[in-house]
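Just final-v4.csv here, CSV, C-alpha atoms:
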```csv
chain,number,residue,atom,x,y,z
D,260,MET,CA,75.6,27.0,90.6
D,261,THR,CA,73.1,25.7,93.2
D,262,ASP,CA,71.0,28.9,92.8
D,263,LEU,CA,70.9,28.4,89.1
D,264,ARG,CA,69.7,24.9,89.4
D,265,GLU,CA,67.0,26.0,91.9
D,266,GLN,CA,65.9,28.7,89.5
D,267,GLU,CA,65.7,26.1,86.6
D,268,THR,CA,63.7,23.8,88.9
D,269,GLU,CA,61.3,26.5,89.8
D,270,TYR,CA,60.9,27.6,86.2
D,271,ALA,CA,60.2,24.0,85.1
D,272,GLU,CA,57.6,23.6,87.9
D,273,SER,CA,55.9,26.9,87.0
D,274,ILE,CA,55.7,25.7,83.3
D,275,ALA,CA,54.2,22.4,84.4
D,276,LEU,CA,51.8,24.1,86.7
D,277,GLY,CA,50.7,26.5,84.0
D,278,ALA,CA,50.2,23.7,81.5
D,279,GLU,CA,48.1,21.7,84.1
D,280,GLU,CA,46.0,24.8,84.7
D,281,ALA,CA,45.5,25.4,81.0
D,282,THR,CA,44.6,21.7,80.5
D,283,GLY,CA,42.1,21.9,83.4
D,284,ALA,CA,40.6,25.1,82.0
D,285,ASN,CA,40.2,23.6,78.5
D,286,ARG,CA,38.6,20.5,80.0
D,287,ARG,CA,36.2,22.6,82.0
D,288,SER,CA,35.4,24.7,79.0
D,289,PHE,CA,34.8,21.6,76.9
D,290,LEU,CA,32.5,20.0,79.5
D,291,GLY,CA,30.7,23.3,80.0
D,292,SER,CA,30.0,23.6,76.3
D,293,PHE,CA,28.9,20.0,76.2
D,294,ASN,CA,26.5,20.5,79.1
D,295,LYS,CA,25.1,23.6,77.4
D,296,MET,CA,24.1,21.7,74.3
D,297,PRO,CA,20.3,21.3,73.7
D,298,PRO,CA,19.0,17.8,74.8
D,299,TRP,CA,18.1,16.9,71.2
D,300,VAL,CA,21.8,17.2,70.2
D,301,GLY,CA,22.7,14.4,72.6
D,302,ALA,CA,19.8,12.3,71.4
D,303,VAL,CA,20.9,12.7,67.8
D,304,ILE,CA,24.5,11.8,68.7
D,305,GLY,CA,23.2,8.7,70.6
D,306,ILE,CA,21.0,7.6,67.7
D,307,VAL,CA,23.9,8.0,65.2
D,308,VAL,CA,26.2,6.0,67.4
D,309,ILE,CA,23.6,3.2,67.8
D,310,LEU,CA,23.1,3.0,64.0
D,311,VAL,CA,26.8,2.9,63.3
D,312,VAL,CA,27.4,0.1,65.8
D,313,TRP,CA,24.3,-1.7,64.5
D,314,GLN,CA,25.6,-1.5,60.9
D,315,ILE,CA,29.0,-2.8,61.9
D,316,VAL,CA,27.6,-5.7,63.9
D,317,ALA,CA,25.2,-6.6,61.1
D,318,VAL,CA,27.9,-6.7,58.3
D,319,THR,CA,30.5,-8.5,60.4
D,320,ALA,CA,29.4,-10.8,63.2
D,321,PHE,CA,26.0,-11.6,61.8
D,322,SER,CA,26.6,-11.3,58.0
D,323,VAL,CA,26.2,-15.0,57.4
D,324,THR,CA,23.2,-15.8,59.6
D,325,GLY,CA,21.4,-12.6,59.0
D,326,SER,CA,20.0,-12.6,62.5
D,327,VAL,CA,20.9,-8.9,62.8
D,328,PRO,CA,20.0,-7.2,59.4
D,329,PRO,CA,21.4,-3.8,58.5
D,330,PRO,CA,19.5,-0.8,59.6
D,331,LEU,CA,18.6,0.2,56.1
D,332,GLU,CA,16.8,-3.1,55.4
D,333,VAL,CA,14.9,-2.8,58.6
D,334,PHE,CA,13.8,0.7,57.9
D,335,GLN,CA,12.7,-0.3,54.4
D,336,GLN,CA,10.7,-3.1,55.9
D,337,LEU,CA,9.2,-0.8,58.5
D,338,VAL,CA,8.0,1.7,55.8
D,339,HIS,CA,6.5,-1.2,53.8
D,340,ASP,CA,4.7,-2.6,56.9
D,341,LEU,CA,3.3,0.8,57.8
D,342,THR,CA,1.6,1.0,54.4
D,343,ASP,CA,-0.4,-2.1,55.2
D,344,SER,CA,-3.6,-1.6,57.1
D,345,VAL,CA,-3.1,-5.0,58.9
D,346,TYR,CA,-0.3,-3.5,60.9
D,347,TRP,CA,-2.2,-0.4,61.8
D,348,ASN,CA,-5.0,-2.6,63.0
D,349,ALA,CA,-2.5,-4.6,65.0
D,350,ILE,CA,-1.1,-1.4,66.6
D,351,ALA,CA,-4.6,-0.2,67.4
D,352,VAL,CA,-5.7,-3.5,69.0
D,353,THR,CA,-2.5,-3.8,71.1
D,354,SER,CA,-2.6,-0.2,72.1
D,355,MET,CA,-6.2,-0.5,73.3
D,356,SER,CA,-5.3,-3.6,75.4
D,357,ALA,CA,-2.3,-1.6,76.9
D,358,LEU,CA,-4.6,1.3,77.6
D,359,TRP,CA,-7.1,-0.8,79.5
D,360,GLY,CA,-4.3,-2.5,81.4
D,361,PHE,CA,-2.8,0.9,82.2
D,362,ILE,CA,-6.1,2.1,83.6
D,363,TRP,CA,-6.9,-0.9,85.7
D,364,GLY,CA,-3.4,-1.4,86.9
D,365,ASN,CA,-3.1,2.3,88.0
D,366,LEU,CA,-6.5,2.2,89.7
D,367,ILE,CA,-5.4,-0.8,91.8
D,368,ALA,CA,-2.1,1.0,92.5
D,369,PHE,CA,-3.8,4.2,93.6
D,370,PHE,CA,-6.1,2.2,95.9
D,371,LEU,CA,-3.1,0.4,97.5
D,372,ALA,CA,-1.3,3.7,98.0
D,373,PHE,CA,-4.2,5.7,99.3
D,374,ILE,CA,-5.3,3.0,101.7
D,375,VAL,CA,-1.9,3.1,103.4
D,376,LEU,CA,-2.3,6.8,104.3
D,377,LEU,CA,-5.8,6.2,105.6
D,378,ILE,CA,-5.1,2.9,107.4
D,379,PRO,CA,-1.4,2.9,108.3
D,380,TRP,CA,-1.4,-0.7,109.5
D,381,PHE,CA,-2.3,-1.8,106.0
D,382,GLU,CA,1.1,-0.6,104.7
D,383,GLY,CA,2.8,-4.0,105.0
D,384,LEU,CA,0.2,-5.8,103.0
D,385,SER,CA,-0.1,-3.1,100.4
D,386,THR,CA,3.6,-2.9,99.7
D,387,GLN,CA,4.0,-6.7,99.7
D,388,LEU,CA,1.2,-6.9,97.1
D,389,ALA,CA,3.0,-4.4,95.0
D,390,VAL,CA,6.3,-6.3,95.3
D,391,VAL,CA,4.6,-9.5,94.3
D,392,CYS,CA,3.1,-7.9,91.2
D,393,SER,CA,6.6,-6.8,90.3
D,394,CYS,CA,8.4,-10.0,91.0
D,395,ILE,CA,6.0,-12.6,89.7
D,396,PRO,CA,7.2,-14.0,86.3
D,397,LEU,CA,4.8,-12.8,83.6
D,398,THR,CA,5.5,-15.8,81.4
D,399,ALA,CA,4.5,-18.1,84.3
D,400,ILE,CA,1.2,-16.4,85.2
D,401,ALA,CA,0.1,-15.7,81.6
D,402,PRO,CA,-0.8,-19.4,80.7
D,403,ILE,CA,-2.9,-19.6,83.8
D,404,VAL,CA,-4.8,-16.4,83.0
D,405,THR,CA,-5.3,-17.7,79.5
D,406,LEU,CA,-6.8,-21.0,80.7
D,407,LEU,CA,-9.2,-19.0,83.0
D,408,SER,CA,-10.2,-16.7,80.1
D,409,PRO,CA,-12.7,-17.4,77.4
D,410,ALA,CA,-11.3,-18.1,73.9
D,411,GLY,CA,-11.0,-15.0,71.8
D,412,SER,CA,-10.8,-12.6,74.6
D,413,ARG,CA,-7.8,-10.3,75.2
D,414,THR,CA,-7.9,-10.8,79.0
D,415,THR,CA,-4.3,-12.1,79.2
D,416,SER,CA,-2.9,-9.1,77.3
D,417,ILE,CA,-4.8,-6.6,79.5
D,418,PHE,CA,-3.9,-8.5,82.7
D,419,LEU,CA,-0.2,-8.5,82.0
D,420,ALA,CA,-0.3,-4.8,81.0
D,421,ALA,CA,-2.0,-4.1,84.4
D,422,LEU,CA,0.4,-6.2,86.3
D,423,SER,CA,3.4,-4.4,84.7
D,424,VAL,CA,2.4,-1.0,86.1
D,425,ILE,CA,1.2,-1.6,89.7
D,426,PHE,CA,4.6,-1.6,91.5
D,427,THR,CA,5.9,1.5,89.7
D,428,THR,CA,2.7,3.5,90.4
D,429,VAL,CA,2.4,2.3,94.0
D,430,ILE,CA,5.9,3.4,94.9
D,431,GLY,CA,5.7,6.7,93.0
D,432,THR,CA,2.4,7.5,94.6
D,433,LEU,CA,3.5,6.7,98.1
D,434,LEU,CA,6.6,8.8,97.7
D,435,GLY,CA,4.6,11.7,96.5
D,436,LEU,CA,1.9,11.4,99.2
D,437,ARG,CA,4.6,11.3,101.9
D,438,ALA,CA,6.4,14.4,100.5
D,439,ALA,CA,3.6,16.7,101.7
D,440,SER,CA,4.6,19.5,104.0
D,441,GLU,CA,4.3,18.6,107.6
D,442,THR,CA,3.4,22.2,108.4
D,443,GLN,CA,0.4,22.0,106.1
D,444,LEU,CA,-0.6,18.7,107.5
D,445,ASP,CA,-0.4,20.0,111.1
D,446,VAL,CA,-2.7,23.0,110.1
D,447,VAL,CA,-5.3,20.6,108.7
D,448,LYS,CA,-5.1,18.5,111.8
D,449,ALA,CA,-5.3,21.5,114.1
D,450,TYR,CA,-8.6,22.5,112.5
D,451,GLY,CA,-10.0,19.0,113.1
D,452,GLY,CA,-9.3,17.6,109.7
D,453,SER,CA,-9.1,13.8,109.4
D,454,ARG,CA,-6.6,11.7,107.5
D,455,PHE,CA,-8.9,11.7,104.6
D,456,THR,CA,-9.0,15.5,104.7
D,457,GLN,CA,-5.2,15.7,104.8
D,458,LEU,CA,-5.1,13.3,101.8
D,459,ARG,CA,-7.6,15.3,99.8
D,460,LYS,CA,-6.4,18.9,100.7
D,461,VAL,CA,-2.6,18.5,101.0
D,462,ARG,CA,-1.1,15.1,100.1
D,463,LEU,CA,-2.8,14.7,96.7
D,464,ILE,CA,-1.5,18.1,95.5
D,465,ALA,CA,2.0,17.4,96.7
D,466,ALA,CA,2.0,13.9,95.1
D,467,VAL,CA,1.0,15.1,91.6
D,468,PRO,CA,4.6,15.4,90.2
D,469,SER,CA,5.6,12.0,91.6
D,470,ILE,CA,2.4,10.3,90.4
D,471,LEU,CA,3.0,11.7,86.9
D,472,ALA,CA,6.6,10.6,87.0
D,473,ALA,CA,5.5,7.1,87.9
D,474,LEU,CA,2.8,7.1,85.1
D,475,LYS,CA,5.5,8.1,82.7
D,476,LEU,CA,7.4,4.9,83.5
D,477,ALA,CA,4.3,2.8,83.7
D,478,ALA,CA,3.0,3.7,80.2
D,479,PRO,CA,5.8,1.9,78.2
D,480,ALA,CA,5.6,-1.0,80.7
D,481,ALA,CA,1.9,-1.4,80.0
D,482,PHE,CA,2.4,-1.5,76.3
D,483,LEU,CA,5.2,-4.1,76.5
D,484,GLY,CA,3.1,-6.1,78.9
D,485,ALA,CA,0.2,-6.1,76.5
D,486,VAL,CA,2.5,-7.3,73.6
D,487,LEU,CA,3.9,-10.1,75.8
D,488,GLY,CA,0.3,-11.1,76.8
D,489,GLU,CA,-0.6,-11.6,73.1
D,490,TYR,CA,1.9,-14.4,72.9
D,491,PHE,CA,-0.5,-16.5,75.0
D,492,LEU,CA,-3.9,-15.5,73.5
D,493,LEU,CA,-6.2,-18.2,72.0
D,494,GLY,CA,-8.6,-17.5,69.2
D,495,VAL,CA,-7.1,-14.0,68.4
D,496,ASP,CA,-5.5,-13.2,65.1
D,497,SER,CA,-4.6,-9.5,65.5
D,498,GLY,CA,-2.1,-7.6,67.5
D,499,ILE,CA,1.6,-6.8,67.5
D,500,GLY,CA,2.4,-9.9,69.5
D,501,ILE,CA,0.6,-12.1,67.0
D,502,GLN,CA,2.6,-10.5,64.2
D,503,LEU,CA,5.8,-11.1,66.1
D,504,LEU,CA,4.8,-14.8,66.5
D,505,ALA,CA,4.1,-15.1,62.8
D,506,ALA,CA,7.5,-13.5,61.8
D,507,GLN,CA,9.3,-15.7,64.3
D,508,ALA,CA,7.7,-18.8,62.9
D,509,THR,CA,8.9,-18.0,59.4
D,510,ALA,CA,12.3,-16.8,60.7
D,511,ALA,CA,11.7,-13.4,59.1
D,512,SER,CA,14.4,-11.5,60.9
D,513,VAL,CA,14.0,-8.2,59.1
D,514,LYS,CA,10.3,-8.2,59.9
D,515,LEU,CA,11.0,-9.1,63.5
D,516,TRP,CA,13.4,-6.1,63.8
D,517,ALA,CA,10.9,-3.8,62.2
D,518,LEU,CA,8.1,-4.9,64.6
D,519,ALA,CA,10.6,-4.4,67.5
D,520,LEU,CA,11.2,-0.9,66.3
D,521,ILE,CA,7.4,-0.3,66.2
D,522,CYS,CA,7.1,-1.5,69.8
D,523,GLY,CA,9.9,0.7,70.9
D,524,GLY,CA,8.5,3.7,69.1
D,525,ILE,CA,5.1,3.3,70.6
D,526,ALA,CA,6.5,2.8,74.1
D,527,GLY,CA,8.8,5.8,73.7
D,528,LEU,CA,5.8,7.9,72.4
D,529,ALA,CA,3.8,7.0,75.5
D,530,TYR,CA,6.7,8.0,77.7
D,531,PHE,CA,7.0,11.3,75.9
D,532,VAL,CA,3.3,12.2,75.9
D,533,ILE,CA,2.9,11.6,79.6
D,534,GLY,CA,6.1,13.5,80.2
D,535,ARG,CA,4.8,16.5,78.3
D,536,ILE,CA,1.5,16.3,80.2
D,537,GLY,CA,3.5,16.3,83.4
D,538,ARG,CA,5.3,19.5,82.3
D,539,LEU,CA,2.1,21.2,81.6
D,540,VAL,CA,0.2,20.1,84.7
D,541,THR,CA,3.0,20.6,87.2
D,542,PRO,CA,5.1,23.6,85.9
D,543,TRP,CA,6.2,24.3,89.5
D,544,SER,CA,8.1,21.0,89.7
D,545,GLN,CA,10.1,21.9,86.6
D,546,GLY,CA,10.9,25.2,88.2
D,547,ASP,CA,12.1,23.6,91.3
D,548,ALA,CA,14.2,21.1,89.3
D,549,ARG,CA,15.9,24.0,87.4
D,550,ALA,CA,16.5,25.9,90.6
D,551,GLY,CA,18.1,22.8,92.2
D,552,GLU,CA,20.5,22.4,89.3
D,553,GLY,CA,22.1,25.7,90.2
D,554,PHE,CA,23.4,24.4,93.5
```
Could you write out this file's structure as structure tokens?
Amino acid sequence: MTDLREQETEYAESIALGAEEATGANRRSFLGSFNKMPPWVGAVIGIVVILVVWQIVAVTAFSVTGSVPPPLEVFQQLVHDLTDSVYWNAIAVTSMSALWGFIWGNLIAFFLAFIVLLIPWFEGLSTQLAVVCSCIPLTAIAPIVTLLSPAGSRTTSIFLAALSVIFTTVIGTLLGLRAASETQLDVVKAYGGSRFTQLRKVRLIAAVPSILAALKLAAPAAFLGAVLGEYFLLGVDSGIGIQLLAAQATAASVKLWALALICGGIAGLAYFVIGRIGRLVTPWSQGDARAGEGF
């Protein structure tokens, strides 16, 4: 009788173990198939989920106030706005301010990063300046810049765009410059090369992937900084920020959401374009990333 019970117990345990192994295999198979899906499939699923949640929230929690309009109304407003040349002019003006801010901010960031490699004792001041640029409230500094700027200029918009990119680019550039091979640096030093020669011959090449990754993050930040700066401009009647102010003044929630989508779309486009440039310019970094995924 005891042997029979032991056999029944062993049989039950074997069944449970087999079921657990089958469940684990199915789970691994599901996760494996999910990981093998193309990236665009995940993006489409994410967009669909966002639209569904957006629609539910719009028709339930905000159905009375209308603060969150349904997606269809927003997209209809977006199509209508994009047929108006006023909005295209606003997009062009804001994008140009963002571009100038992006250029100036990154030039400052590159200078702060390069000077650290050439003059090591400057590192503390350089990194502190980058941190200050990141931590300073943009809405606090913007009115001061506006007061110091002539009426009708877009200095505030460009300034905030530049301020938004400095920290990201400084950190990314420093990480890239310090990722250079010590062996290659020693070879340059052994042949009498200076710090500047090491920077020019070795560190810059090693830093390209990190610099492009930083620029990819800095581009959307520059555009959003330019939009924020337009809230404080005087004597200027064009720009995405100006359109947002006008829609906010009239409580046009649908137009506000449409303009927000435009801002998000342009910022996302800037991120995508620089990301593609990075893939073309540094194909070896993509290869290293794929090789690392196998471990």
Q: Could you give me, as an NGL selection string, the residues that have an atom at most 12 Å away from the point (-4.2, -2.6, 66.9) in the coordinates of the file, using only C-alpha atoms?
A: :D and (344-358 or 413 or 482 or 485-486 or 489 or 495-502 or 521-522 or 525)
Q: Kindly provide, as number ranges by chain, the polymer residues lying within 7 Å of (9.6, -1.4, 61.6), counting all atoms listed in the file and using the coordinates exactly as they appear in the file.
A: D: 333-334, 336-338, 340, 516-521
(Q) Would you pick out the contacts of D:Leu419 at 10 Å or less, using only C-alpha atoms, so that residues sharing its chain but fewer than 6 positions from it are not included, and give the list as a PyMOL selection string? (A) chain D and resi 356-357+360-361+364+392+397-398+400-401+404+480-489
Counting all atoms listed in the file, what is within 12 Å of D:Ser408, bar same-chain residues fewer than 5 positions away, as a tab-separated table (two decimals) with C-alpha atoms, keeping the file's coordinate frame?
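See selection.tsv below for the written result:
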```tsv
chain	number	residue	atom	x	y	z
D	401	ALA	CA	0.10	-15.70	81.60
D	402	PRO	CA	-0.80	-19.40	80.70
D	403	ILE	CA	-2.90	-19.60	83.80
D	413	ARG	CA	-7.80	-10.30	75.20
D	414	THR	CA	-7.90	-10.80	79.00
D	415	THR	CA	-4.30	-12.10	79.20
D	416	SER	CA	-2.90	-9.10	77.30
D	417	ILE	CA	-4.80	-6.60	79.50
D	418	PHE	CA	-3.90	-8.50	82.70
D	491	PHE	CA	-0.50	-16.50	75.00
D	492	LEU	CA	-3.90	-15.50	73.50
D	493	LEU	CA	-6.20	-18.20	72.00
D	494	GLY	CA	-8.60	-17.50	69.20
```
(Q) Using Å and a single decimal, report how far atom CA of D:Leu503 sits from atom CA of D:Pro409. (A)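 So the two atoms, atom CA of D:Pro409 and atom CA of D:Leu503, lie 22.6 Å apart.
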**Q.** Which of D:Ala465, D:Ile536, D:Ala421, D:Leu458 sits closest to D:Ala438 [using only C-alpha atoms]
**A.** D:Ala465
Q: Go through D:Leu422, D:Ala511, D:Ala399, D:Leu371 and flag the residue nearest D:Gly383, using all atoms listed in the file for the distances.
A: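 Among the listed residues, D:Leu371 lies closest to D:Gly383.
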(Q) What's the separation between atom CA of D:Tyr530 and atom CA of D:Ser412, in Å to one decimal place? (A) 27.2 Å
Contacts of stretch 451-457 of chain D within 8 Å, only C-alpha atoms, excl. fewer than 6 positions in-chain, as an mmCIF file with C-alpha atoms, keeping the file's coordinate frame:
```cif
data_model
loop_
_atom_site.group_PDB
_atom_site.id
_atom_site.type_symbol
_atom_site.label_atom_id
_atom_site.label_comp_id
_atom_site.auth_asym_id
_atom_site.auth_seq_id
_atom_site.Cartn_x
_atom_site.Cartn_y
_atom_site.Cartn_z
ATOM 1 C CA LEU D 376 -2.300 6.800 104.300
ATOM 2 C CA LEU D 377 -5.800 6.200 105.600
ATOM 3 C CA LEU D 444 -0.600 18.700 107.500
#
```
Q. Separation of atom CA of D:Leu504 and atom CA of D:Phe426, in Å?
A.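 A separation of 28.3 Å between them.
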Q: Using only C-alpha atoms, pick whichever of D:Ala439, D:Ala302, D:Leu528, D:Ala473 has the shortest atom-to-atom distance to D:Val461.
A: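 Selected residue with least distance to D:Val461: D:Ala439.
Minimum distance to D:Thr386 across D:Leu406, D:Leu471, D:Val307, D:Ile374 (counting all atoms listed in the file) occurs at D:Ile374.
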